[in-house]
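Undergrad: What follows is data.txt, made up of compact mmCIF, C-alpha atoms:
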```
# COMPACT_ATOMS: atom_id res chain seq x y z
CA MET A 1 -16.05 6.61 34.11
CA SER A 2 -12.37 6.00 34.08
CA LYS A 3 -10.43 8.13 31.65
CA THR A 4 -8.23 5.23 30.57
CA LEU A 5 -11.21 3.28 29.34
CA LEU A 6 -12.37 6.26 27.34
CA HIS A 7 -9.02 6.45 25.56
CA ILE A 8 -8.93 2.73 24.87
CA LYS A 9 -12.41 2.98 23.38
CA ARG A 10 -11.31 5.93 21.25
CA PHE A 11 -8.29 3.97 20.03
CA PHE A 12 -10.49 1.12 18.79
CA ILE A 13 -13.16 3.33 17.26
CA LEU A 14 -10.63 5.42 15.33
CA THR A 15 -8.54 2.48 14.06
CA THR A 16 -11.66 0.56 13.03
CA LEU A 17 -13.02 3.61 11.24
CA GLN A 18 -9.68 4.09 9.49
CA ILE A 19 -9.22 0.47 8.43
CA THR A 20 -12.74 -0.44 7.41
CA VAL A 21 -14.11 2.79 5.99
CA LEU A 22 -11.50 5.42 5.17
CA ASN A 23 -8.90 3.06 3.71
CA ASN A 24 -11.54 1.87 1.29
CA ILE A 25 -12.54 5.31 0.12
CA GLN A 26 -10.13 5.90 -2.71
CA ILE A 27 -11.02 9.15 -4.39
CA SER A 28 -9.30 9.99 -7.66
CA GLY A 29 -6.00 8.44 -6.67
CA TYR A 30 -4.76 11.46 -4.79
CA LEU A 31 -6.77 11.49 -1.63
CA ASN A 32 -6.12 9.29 1.37
CA PRO A 33 -7.64 10.75 4.52
CA TYR A 34 -5.96 9.54 7.72
CA ILE A 35 -7.91 10.46 10.81
CA TYR A 36 -6.57 7.90 13.30
CA ILE A 37 -4.01 10.53 14.45
CA LEU A 38 -6.86 12.27 16.27
CA PHE A 39 -6.23 9.73 19.04
CA ILE A 40 -2.77 11.17 19.75
CA MET A 41 -4.00 14.75 19.41
CA LEU A 42 -6.65 14.20 22.07
CA LEU A 43 -4.47 12.52 24.70
CA PRO A 44 -4.28 14.64 27.89
CA PRO A 45 -1.18 16.89 28.03
CA LYS A 46 -0.24 15.61 31.47
CA ILE A 47 0.57 11.99 30.70
CA PRO A 48 4.31 11.19 30.33
CA LYS A 49 5.80 11.98 26.94
CA THR A 50 7.44 8.59 26.57
CA LEU A 51 4.06 6.97 27.04
CA VAL A 52 2.57 9.17 24.30
CA LEU A 53 5.43 8.16 22.00
CA SER A 54 4.81 4.47 22.71
CA PHE A 55 1.08 4.83 22.10
CA ALA A 56 1.81 6.59 18.82
CA PHE A 57 4.10 3.76 17.77
CA ILE A 58 1.54 1.07 18.60
CA LEU A 59 -1.19 3.02 16.82
CA GLY A 60 0.92 3.58 13.71
CA PHE A 61 2.09 0.03 13.60
CA THR A 62 -1.48 -1.27 13.84
CA ILE A 63 -2.37 0.80 10.78
CA ASP A 64 0.80 -0.41 9.02
CA VAL A 65 -0.14 -4.04 9.47
CA PHE A 66 -3.50 -3.49 7.84
CA GLU A 67 -2.17 -1.29 5.07
CA ASN A 68 0.89 -3.43 4.26
CA SER A 69 2.88 -0.23 4.51
CA TYR A 70 5.84 -1.48 6.59
CA GLY A 71 6.49 1.09 9.29
CA ILE A 72 5.67 4.38 7.55
CA HIS A 73 2.60 5.08 9.67
CA ALA A 74 4.53 4.22 12.82
CA ALA A 75 7.34 6.62 11.85
CA ALA A 76 4.95 9.47 11.01
CA SER A 77 2.86 8.98 14.15
CA VAL A 78 5.88 8.92 16.45
CA LEU A 79 7.12 12.16 14.90
CA LEU A 80 3.68 13.69 15.45
CA ALA A 81 3.73 12.60 19.10
CA TYR A 82 7.21 14.06 19.55
CA ALA A 83 6.18 17.41 18.07
CA ARG A 84 2.94 17.58 20.03
CA PRO A 85 4.19 19.39 23.19
CA THR A 86 5.91 22.06 21.07
CA VAL A 87 2.79 22.71 19.02
CA LEU A 88 0.69 22.69 22.16
CA SER A 89 2.82 25.44 23.67
CA LEU A 90 2.12 27.53 20.56
CA VAL A 91 -1.61 27.50 21.16
CA SER A 92 -1.81 27.65 24.94
CA VAL A 93 -0.20 29.83 27.55
CA LYS A 94 1.45 27.29 29.83
CA GLY A 95 2.26 24.68 27.22
CA GLY A 96 -1.00 22.92 27.93
CA GLU A 97 0.01 22.12 31.50
CA ASP A 98 -3.11 23.86 32.76
CA LEU A 99 -5.40 21.82 30.51
CA GLU A 100 -6.98 18.64 31.81
CA THR A 101 -7.99 17.46 28.35
CA ILE A 102 -7.60 18.73 24.82
CA GLY A 103 -10.59 19.38 22.61
CA ILE A 104 -12.38 21.92 20.51
CA LYS A 105 -14.17 23.12 23.67
CA GLN A 106 -11.06 23.66 25.75
CA LEU A 107 -9.01 25.34 23.02
CA ARG A 108 -11.82 27.01 21.06
CA PHE A 109 -12.13 26.49 17.34
CA GLY A 110 -9.32 28.76 16.14
CA ARG A 111 -6.61 27.39 18.38
CA PHE A 112 -7.73 23.79 17.96
CA PHE A 113 -7.63 24.30 14.19
CA THR A 114 -4.04 25.58 14.39
CA TYR A 115 -3.00 22.77 16.73
CA SER A 116 -4.49 19.91 14.72
CA GLY A 117 -3.65 21.55 11.39
CA ILE A 118 0.09 21.78 12.11
CA LEU A 119 0.25 18.23 13.45
CA CYS A 120 -1.81 16.86 10.57
CA LEU A 121 0.41 18.57 7.97
CA LEU A 122 3.55 17.24 9.67
CA HIS A 123 2.16 13.71 9.81
CA HIS A 124 0.89 13.65 6.23
CA PHE A 125 4.07 15.09 4.73
CA THR A 126 6.24 12.58 6.59
CA LEU A 127 3.92 9.80 5.55
CA PHE A 128 3.72 10.57 1.84
CA TYR A 129 7.41 11.34 1.42
CA LEU A 130 8.39 8.14 3.22
CA GLU A 131 5.98 6.25 1.01
CA ALA A 132 7.41 7.68 -2.20
CA PHE A 133 10.98 7.42 -0.81
CA ARG A 134 12.46 9.37 -3.67
CA LEU A 135 12.64 13.03 -4.54
CA ASN A 136 12.10 12.99 -8.29
CA GLU A 137 8.36 12.78 -7.73
CA PHE A 138 8.55 15.78 -5.42
CA MET A 139 5.63 17.79 -6.78
CA ASP A 140 3.32 14.79 -7.11
CA THR A 141 3.89 13.79 -3.54
CA PHE A 142 3.50 17.41 -2.43
CA GLY A 143 0.06 17.69 -4.05
CA ARG A 144 -0.96 14.36 -2.64
CA ALA A 145 0.03 15.40 0.89
CA ILE A 146 -1.69 18.80 0.70
CA LEU A 147 -4.97 17.47 -0.68
CA SER A 148 -5.08 14.61 1.80
CA THR A 149 -4.37 16.97 4.68
CA ILE A 150 -7.33 19.12 3.68
CA ILE A 151 -9.69 16.14 3.59
CA SER A 152 -8.31 14.69 6.84
CA MET A 153 -8.71 18.04 8.59
CA LEU A 154 -12.30 18.35 7.40
CA ILE A 155 -13.12 14.91 8.80
CA ILE A 156 -11.19 15.50 12.03
CA LEU A 157 -12.95 18.81 12.69
CA MET A 158 -16.29 17.19 11.91
CA ILE A 159 -15.69 14.31 14.33
CA GLU A 160 -14.34 16.67 16.96
CA SER A 161 -17.28 19.05 16.86
CA VAL A 162 -19.76 16.19 17.07
CA ARG A 163 -17.78 14.65 19.94
CA SER A 164 -17.56 17.82 22.00
CA ASN A 165 -21.23 18.58 21.50
CA SER A 166 -22.42 15.15 22.59
CA ASN A 167 -20.14 14.88 25.64
CA LYS A 168 -20.68 17.33 28.39
CA MET B 1 28.41 6.83 35.78
CA ARG B 2 26.10 9.19 37.60
CA ASN B 3 26.56 11.73 34.86
CA LEU B 4 25.55 9.15 32.30
CA PHE B 5 22.34 8.38 34.16
CA ALA B 6 21.65 12.07 34.55
CA PHE B 7 22.17 12.53 30.84
CA LEU B 8 19.93 9.59 30.00
CA TYR B 9 17.25 10.87 32.31
CA LYS B 10 17.44 14.38 30.97
CA HIS B 11 17.05 13.28 27.39
CA HIS B 12 14.95 10.17 27.87
CA VAL B 13 12.06 11.50 25.78
CA PHE B 14 14.33 12.24 22.86
CA LEU B 15 16.05 8.86 23.17
CA VAL B 16 12.75 6.98 23.18
CA PHE B 17 11.72 9.04 20.17
CA ILE B 18 14.90 8.12 18.26
CA LEU B 19 14.60 4.46 19.23
CA LEU B 20 11.01 4.21 17.97
CA GLU B 21 11.81 6.07 14.75
CA ILE B 22 14.75 3.73 14.07
CA THR B 23 12.50 0.72 14.58
CA ALA B 24 9.88 2.13 12.20
CA ILE B 25 12.28 3.25 9.47
CA GLY B 26 14.21 0.00 9.90
CA THR B 27 11.05 -1.95 9.13
CA LEU B 28 10.54 0.18 6.04
CA ILE B 29 14.08 -0.28 4.76
CA GLN B 30 14.02 -3.97 5.49
CA SER B 31 10.84 -4.23 3.45
CA HIS B 32 12.73 -3.01 0.39
CA HIS B 33 14.62 -6.27 0.40
CA TYR B 34 12.65 -9.06 -1.09
CA GLN B 35 13.40 -11.53 1.69
CA GLY B 36 12.97 -9.58 4.86
CA SER B 37 9.52 -8.70 6.00
CA GLN B 38 9.04 -11.17 8.80
CA PHE B 39 8.28 -8.48 11.32
CA ALA B 40 5.13 -7.28 9.68
CA SER B 41 4.00 -10.66 8.39
CA SER B 42 3.98 -12.40 11.76
CA ALA B 43 1.09 -10.21 12.72
CA ARG B 44 -0.78 -10.93 9.56
CA LEU B 45 -2.85 -13.85 10.82
CA TRP B 46 -4.99 -11.70 13.05
CA SER B 47 -5.12 -8.77 10.70
CA GLY B 48 -5.99 -11.10 7.83
CA THR B 49 -8.81 -12.68 9.78
CA LEU B 50 -10.26 -9.27 10.56
CA LEU B 51 -10.01 -8.05 6.98
CA GLU B 52 -11.65 -11.23 5.77
CA HIS B 53 -14.63 -10.75 8.07
CA PHE B 54 -15.07 -7.22 6.83
CA GLU B 55 -14.75 -8.26 3.21
CA ASN B 56 -17.33 -11.01 3.71
CA SER B 57 -19.83 -8.51 5.00
CA ILE B 58 -19.61 -6.33 1.90
CA ASP B 59 -19.26 -9.25 -0.51
CA TYR B 60 -22.96 -9.30 -1.17
CA PHE B 61 -22.95 -5.98 -2.98
CA THR B 62 -20.56 -7.11 -5.69
CA LEU B 63 -22.27 -10.42 -6.49
CA LYS B 64 -23.86 -9.17 -9.65
CA LYS B 65 -20.62 -7.88 -11.09
CA VAL B 66 -18.75 -11.05 -10.12
CA ASN B 67 -21.38 -13.20 -11.77
CA GLN B 68 -21.08 -11.26 -14.96
CA LEU B 69 -17.30 -11.64 -14.98
CA LEU B 70 -17.57 -15.36 -14.40
CA VAL B 71 -20.00 -15.75 -17.27
CA GLU B 72 -17.67 -13.87 -19.57
CA GLU B 73 -14.76 -16.00 -18.52
CA ASN B 74 -16.71 -19.21 -18.93
CA ALA B 75 -17.47 -18.21 -22.46
CA GLN B 76 -13.83 -17.51 -23.15
CA LEU B 77 -12.70 -20.81 -21.73
CA ARG B 78 -15.29 -22.67 -23.75
CA THR B 79 -13.98 -21.20 -26.97
CA LYS B 80 -10.43 -22.03 -25.97
CA SER B 81 -10.89 -25.55 -24.67
CA VAL B 82 -9.21 -28.20 -26.74
CA PRO B 83 -10.15 -31.86 -27.03
CA ALA B 84 -8.59 -33.76 -24.16
CA ASN B 85 -7.34 -36.71 -26.17
CA LYS B 86 -4.02 -35.37 -27.41
CA PRO B 87 -1.60 -36.81 -24.92
CA ASN B 88 1.51 -36.74 -27.06
CA LYS B 89 1.70 -33.08 -27.69
CA ILE B 90 2.84 -31.03 -24.70
CA ASN B 91 1.89 -27.42 -24.99
CA PRO B 92 4.28 -25.23 -22.99
CA ALA B 93 1.36 -23.32 -21.55
CA ASP B 94 -0.12 -26.50 -20.08
CA ILE B 95 2.47 -26.97 -17.38
CA TYR B 96 1.15 -24.01 -15.40
CA GLN B 97 -1.24 -24.71 -12.56
CA TYR B 98 -3.87 -22.24 -11.48
CA THR B 99 -5.37 -21.61 -8.06
CA SER B 100 -8.13 -19.12 -7.43
CA ALA B 101 -8.25 -16.80 -4.44
CA LYS B 102 -10.32 -13.92 -3.18
CA VAL B 103 -8.95 -10.43 -2.71
CA ILE B 104 -9.74 -9.37 0.86
CA LYS B 105 -7.80 -6.12 0.78
CA ASN B 106 -6.95 -3.97 -2.18
CA SER B 107 -5.58 -0.51 -2.77
CA TYR B 108 -4.74 1.38 -5.93
CA ASN B 109 -4.28 5.00 -4.95
CA LYS B 110 -1.03 4.80 -3.04
CA ARG B 111 2.46 5.02 -4.42
CA ASN B 112 3.02 1.37 -3.46
CA ASN B 113 0.00 -0.82 -3.62
CA TYR B 114 -0.45 -4.28 -2.17
CA LEU B 115 -3.29 -6.78 -2.14
CA THR B 116 -4.10 -9.38 0.48
CA LEU B 117 -5.49 -12.76 -0.62
CA ASN B 118 -7.41 -15.26 1.47
CA LYS B 119 -5.14 -18.18 0.62
CA GLY B 120 -1.66 -18.97 1.85
CA SER B 121 1.03 -21.62 2.08
CA LEU B 122 -1.61 -24.15 3.14
CA HIS B 123 -3.07 -23.89 -0.36
CA GLY B 124 0.30 -24.16 -2.05
CA LEU B 125 1.04 -20.49 -2.53
CA GLU B 126 4.65 -19.40 -2.44
CA LYS B 127 6.64 -16.20 -2.63
CA GLY B 128 7.25 -15.02 -6.17
CA MET B 129 4.25 -16.64 -7.88
CA GLY B 130 2.36 -14.61 -10.44
CA VAL B 131 -1.18 -13.35 -9.91
CA CYS B 132 -3.60 -12.56 -12.73
CA VAL B 133 -7.25 -12.22 -13.63
CA ASN B 134 -8.84 -13.24 -16.90
CA LYS B 135 -8.17 -9.77 -18.30
CA GLY B 136 -4.49 -9.58 -17.43
CA VAL B 137 -1.62 -9.44 -14.97
CA VAL B 138 -2.24 -8.24 -11.42
CA GLY B 139 1.08 -8.70 -9.61
CA ILE B 140 3.49 -11.01 -7.85
CA ILE B 141 3.17 -12.68 -4.45
CA ARG B 142 5.25 -10.88 -1.90
CA ASP B 143 4.73 -12.73 1.39
CA VAL B 144 2.90 -15.84 2.46
CA SER B 145 1.56 -16.89 5.84
CA THR B 146 -0.36 -20.11 6.49
CA HIS B 147 -3.74 -18.74 5.48
CA TYR B 148 -3.01 -15.47 3.73
CA ALA B 149 -0.76 -13.98 1.12
CA THR B 150 0.15 -10.44 0.16
CA VAL B 151 0.64 -9.47 -3.44
CA MET B 152 2.79 -6.67 -4.78
CA SER B 153 0.50 -5.08 -7.31
CA LEU B 154 1.75 -3.87 -10.68
CA LEU B 155 0.86 -0.47 -9.25
CA ASN B 156 4.04 -0.31 -7.16
CA LYS B 157 7.34 1.45 -7.59
CA HIS B 158 9.23 -1.84 -7.12
CA SER B 159 7.25 -3.64 -9.77
CA VAL B 160 8.83 -4.28 -13.19
CA ILE B 161 7.11 -6.64 -15.61
CA SER B 162 8.69 -7.81 -18.81
CA THR B 163 6.47 -7.52 -21.87
CA ARG B 164 6.38 -7.64 -25.66
CA PHE B 165 4.16 -6.42 -28.49
CA THR B 166 1.74 -8.98 -29.87
CA LYS B 167 2.37 -7.96 -33.46
CA SER B 168 6.17 -7.86 -33.31
CA ASN B 169 8.54 -9.48 -30.87
CA HIS B 170 10.03 -6.25 -29.56
CA PHE B 171 10.19 -6.36 -25.83
CA GLY B 172 10.29 -3.84 -23.01
CA GLU B 173 9.28 -3.52 -19.43
CA ILE B 174 6.24 -2.06 -17.74
CA VAL B 175 6.61 0.17 -14.69
CA TRP B 176 4.25 2.49 -12.89
CA ASP B 177 4.81 6.19 -12.18
CA GLY B 178 2.24 6.42 -9.40
CA LYS B 179 -0.17 8.77 -11.09
CA SER B 180 -3.26 6.96 -12.32
CA HIS B 181 -4.32 3.39 -11.68
CA ARG B 182 -5.45 3.11 -15.29
CA PHE B 183 -2.11 3.84 -16.97
CA ALA B 184 1.40 2.43 -16.69
CA GLN B 185 4.61 3.26 -18.56
CA LEU B 186 6.45 1.12 -21.07
CA ARG B 187 10.23 1.46 -21.10
CA SER B 188 13.11 0.28 -23.26
CA ILE B 189 11.36 0.32 -26.63
CA GLU B 190 13.90 1.63 -29.11
CA LYS B 191 13.05 4.39 -31.54
CA TYR B 192 13.22 2.39 -34.75
CA VAL B 193 10.34 0.13 -33.66
CA ASN B 194 6.97 0.77 -35.24
CA VAL B 195 4.49 1.73 -32.54
CA SER B 196 0.90 2.79 -32.99
CA VAL B 197 -1.92 3.59 -30.62
CA GLY B 198 -3.92 0.51 -29.71
CA ASP B 199 -1.09 -2.04 -30.05
CA THR B 200 -1.55 -4.79 -27.49
CA LEU B 201 1.12 -5.83 -25.01
CA ILE B 202 1.45 -9.31 -23.54
CA THR B 203 3.81 -11.05 -21.14
CA ASN B 204 6.82 -12.62 -22.84
CA SER B 205 8.57 -15.90 -22.31
CA PHE B 206 11.56 -14.38 -20.47
CA SER B 207 9.76 -14.46 -17.19
CA SER B 208 9.65 -17.63 -15.15
CA ILE B 209 6.66 -16.24 -13.29
CA PHE B 210 4.05 -15.60 -15.94
CA PRO B 211 3.26 -17.84 -18.91
CA GLU B 212 3.69 -16.16 -22.24
CA GLY B 213 0.73 -14.32 -23.70
CA ILE B 214 -1.14 -12.90 -20.73
CA LEU B 215 -2.58 -9.53 -21.62
CA LEU B 216 -1.10 -6.43 -19.99
CA GLY B 217 -2.65 -3.54 -21.85
CA THR B 218 -2.73 -1.46 -24.99
CA VAL B 219 -0.71 1.54 -26.11
CA HIS B 220 -2.60 4.66 -25.09
CA ARG B 221 -0.28 7.31 -26.44
CA PHE B 222 3.42 7.59 -27.22
CA GLU B 223 6.09 10.24 -27.66
CA ARG B 224 9.29 10.23 -29.66
CA ASP B 225 11.79 12.54 -28.11
CA ASP B 226 14.68 13.30 -30.47
CA THR B 227 17.21 13.54 -27.68
CA GLU B 228 16.52 10.07 -26.34
CA ASN B 229 16.92 6.60 -27.73
CA PHE B 230 13.71 5.22 -26.38
CA TYR B 231 10.03 5.94 -26.76
CA LYS B 232 7.93 7.30 -23.95
CA ILE B 233 4.88 5.09 -24.05
CA GLU B 234 1.81 5.21 -21.88
CA VAL B 235 -0.07 1.93 -21.56
CA ASP B 236 -3.77 1.61 -20.91
CA LEU B 237 -3.85 -1.27 -18.42
CA SER B 238 -6.29 -4.04 -19.24
CA VAL B 239 -7.03 -4.80 -15.59
CA ASP B 240 -9.25 -2.43 -13.65
CA TYR B 241 -7.42 -2.40 -10.31
CA SER B 242 -10.30 -0.68 -8.59
CA ARG B 243 -12.51 -3.69 -9.16
CA LEU B 244 -10.46 -6.74 -8.23
CA ASP B 245 -12.45 -9.48 -6.57
CA TYR B 246 -11.27 -12.94 -7.51
CA VAL B 247 -7.81 -13.63 -8.91
CA TYR B 248 -5.79 -16.59 -10.15
CA ILE B 249 -2.40 -17.57 -8.83
CA ILE B 250 -0.10 -19.09 -11.40
CA LYS B 251 2.20 -21.86 -10.33
CA ASN B 252 5.01 -22.94 -12.60
CA PRO B 253 6.34 -26.31 -11.41
CA LEU B 254 9.41 -25.91 -13.57
CA THR B 255 10.50 -22.54 -12.11
CA ASN B 256 13.22 -24.03 -9.93
CA GLU B 257 14.61 -26.14 -12.73
CA ARG B 258 14.82 -23.08 -14.94
CA LEU B 259 16.32 -20.81 -12.30
CA GLU B 260 18.92 -23.42 -11.44
CA LEU B 261 19.95 -23.73 -15.04
CA GLU B 262 20.11 -19.98 -15.48
CA SER B 263 22.09 -19.46 -12.30
CA LYS B 264 24.82 -21.70 -13.73
CA LEU B 265 25.32 -19.09 -16.42
CA THR B 266 26.02 -16.34 -13.95
CA GLN B 267 28.29 -18.60 -11.91
CA ASN B 268 30.41 -19.40 -14.92
CA GLU B 269 30.95 -15.82 -15.86
```
Starting from the coordinates I provided, produce the structure as structure tokens.
TA:
Amino acid sequence: MSKTLLHIKRFFILTTLQITVLNNIQISGYLNPYIYILFIMLLPPKIPKTLVLSFAFILGFTIDVFENSYGIHAAASVLLAYARPTVLSLVSVKGGEDLETIGIKQLRFGRFFTYSGILCLLHHFTLFYLEAFRLNEFMDTFGRAILSTIISMLIILMIESVRSNSNK
Amino acid sequence: MRNLFAFLYKHHVFLVFILLEITAIGTLIQSHHYQGSQFASSARLWSGTLLEHFENSIDYFTLKKVNQLLVEENAQLRTKSVPANKPNKINPADIYQYTSAKVIKNSYNKRNNYLTLNKGSLHGLEKGMGVCVNKGVVGIIRDVSTHYATVMSLLNKHSVISTRFTKSNHFGEIVWDGKSHRFAQLRSIEKYVNVSVGDTLITNSFSSIFPEGILLGTVHRFERDDTENFYKIEVDLSVDYSRLDYVYIIKNPLTNERLELESKLTQNE
């Protein structure tokens, strides 16, 4: 099966899941899990970086349209995509160049956790601070970002372990 | 020239990154102005259609609750209704026209919350109209497409709603600090005013958007800081934003007339 099709399918599954289910789970006012970023995390390391940036922009903007959030998801996702190669070189020897695909199987749990954790933190902090757009609610926004990152990471790791177990 | 191309090629990833970030942040900053959000709203027809389909599929589960609310409201209206044969007396509240709409997208746990309604300019909705439910104020219409409208909820950092106490005429404004969807903050109430827990707050007649007397909430607790001139008041909002289903849009046909008149004042100054 062509790899491109797989990624397109993943794009639709993750955005649909985000828009229809996760955006409607509103726990206690502090928790917004955002798992659509898994799409960017799982893109193969070999595809051109500009293409990854463009995908991230399209993905973020799609979420923005449904959330009425005017560009904040696009900004956070593009930043995540830009930081991805750097983070990838932290967890793999050759900056991921030797890896065909990224996943919990290829990187093992520990390194995948570091990789997705750093990117998720970066994305969520950008997102929540852009949303608040002022610094006098610094601690509130901080708590919101941390708690949401924890929940997002739990869901991302759950999806990822199910995915890598079902695929060969 | 060659050096320029070499430079562009060398840094093309960074340049694309900057370009995309500028586009995204630009959209965000543009959205802070009341007028400019064309970019995001042009895409709203397809997103609205999708959200509506999803909302329809889960509609069934809230039927019981909606029914109950409608019954309550019916009862209220019945007690309020006045005999129709009084043509000579024009009640100021009668000029407002109401349209109902369904909420197809709602959020209440973000710093800035918006709702999407399933009616748009085709049904006579316009930017800046007020939105309420029978229990109180919900927000103000932000953008309108042909079939859909987005509403800036009271739970938004840009939202400021003018209010007054029912028992006295002291007025202030309600804003939201982003913490809980059940409580908002009341500002600009001076210290000499008598405030007690449980006082009700309603919209006042200053606003051209809402008719006077729509419920906003009750005083939950208040603080009197000696170093400041104003109270810190927390308001228990009358509307449960986590349960919005059907809302009313308030149209004031005289808004333009009023705004025109008031703009003359500022011109003369």
Undergrad: Pick out the closest residue to Gly117 in chain A from this set: A:Leu17, A:Ala74, A:Leu31, A:Met153. Count all atoms listed in the file.
TA: A:Met153
Undergrad: What's around range 55-67 of chain A at 6 Å? Count all atoms listed in the file, leave out sequence neighbours fewer than 5 positions away in its own chain, and write the answer as a ChimeraX atom specification.
TA: /A:73-74,77-78
Undergrad: Residues of chain A within 7 Å of chain B, using all atoms listed in the file, as a list in words?
TA: Gln26, Gly29, Tyr30, Lys49, Thr50, Leu53, Phe57, Val65, Phe66, Asn68, Tyr70, Gly71, Ile72, Ala74, Ala75, Val78, Tyr82, Glu131 and Ala132 of chain A
Undergrad: Would you please work out which residue, of A:Arg163, A:Lys105, A:Lys94, A:Arg111, is nearest to Pro45 in chain A when using only C-alpha atoms?
TA: A:Lys94
Undergrad: I'd like the interatomic distance between CA of Ser238 in chain B and CA of Glu223 in chain B, to a tenth of an Å.
TA: 20.7 Å
Undergrad: Please list as a ChimeraX atom specification every residue within 12 Å of Asp245 in chain B, counting only C-alpha atoms and excluding residues in the same chain fewer than 3 positions away.
TA: /B:55-56,58-67,69-70,100-107,115-118,132-134,138,239-242,248
Undergrad: Expressed in Å to a single decimal, how great is the separation between CA of Ile151 in chain A and CA of Leu127 in chain A?
TA: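 Answer for the CA of Ile151 in chain A to CA of Leu127 in chain A separation: 15.1 Å.
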Undergrad: Given the choices B:Pro253, B:Gly128, B:Gly198, B:Gly213, which gets closest to Ser162 in chain B if the distance is worked out from all atoms listed in the file?
TA: B:Gly213
Undergrad: Take every atom of range 108-122 of chain A listed in the file, fit an axis-aligned box around them, add 8 Å per side, and give the centre and edge lengths in Å to one decimal as lines of an AutoDock Vina configuration file.
TA:
```
center_x = -4.3
center_y = 22.8
center_z = 14.5
size_x = 31.7
size_y = 27.9
size_z = 29.1
```
Undergrad: Name the residues in contact with Phe113 in chain A at a cut-off of 10 Å, using all atoms listed in the file, excluding same-chain residues fewer than 2 positions from it; report them as a list in words.
TA: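 Those residues are Val91, Ile104, Leu107, Arg108, Phe109, Gly110, Arg111, Tyr115, Ser116, Gly117, Ile118, Leu119, Met153, Ile156 and Leu157 of chain A.
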Undergrad: Which residue is closest to Ile140 in chain B? Choose from B:Ser207, B:Gln97, B:Gln185, B:Asn194 and count only C-alpha atoms.
TA: B:Ser207
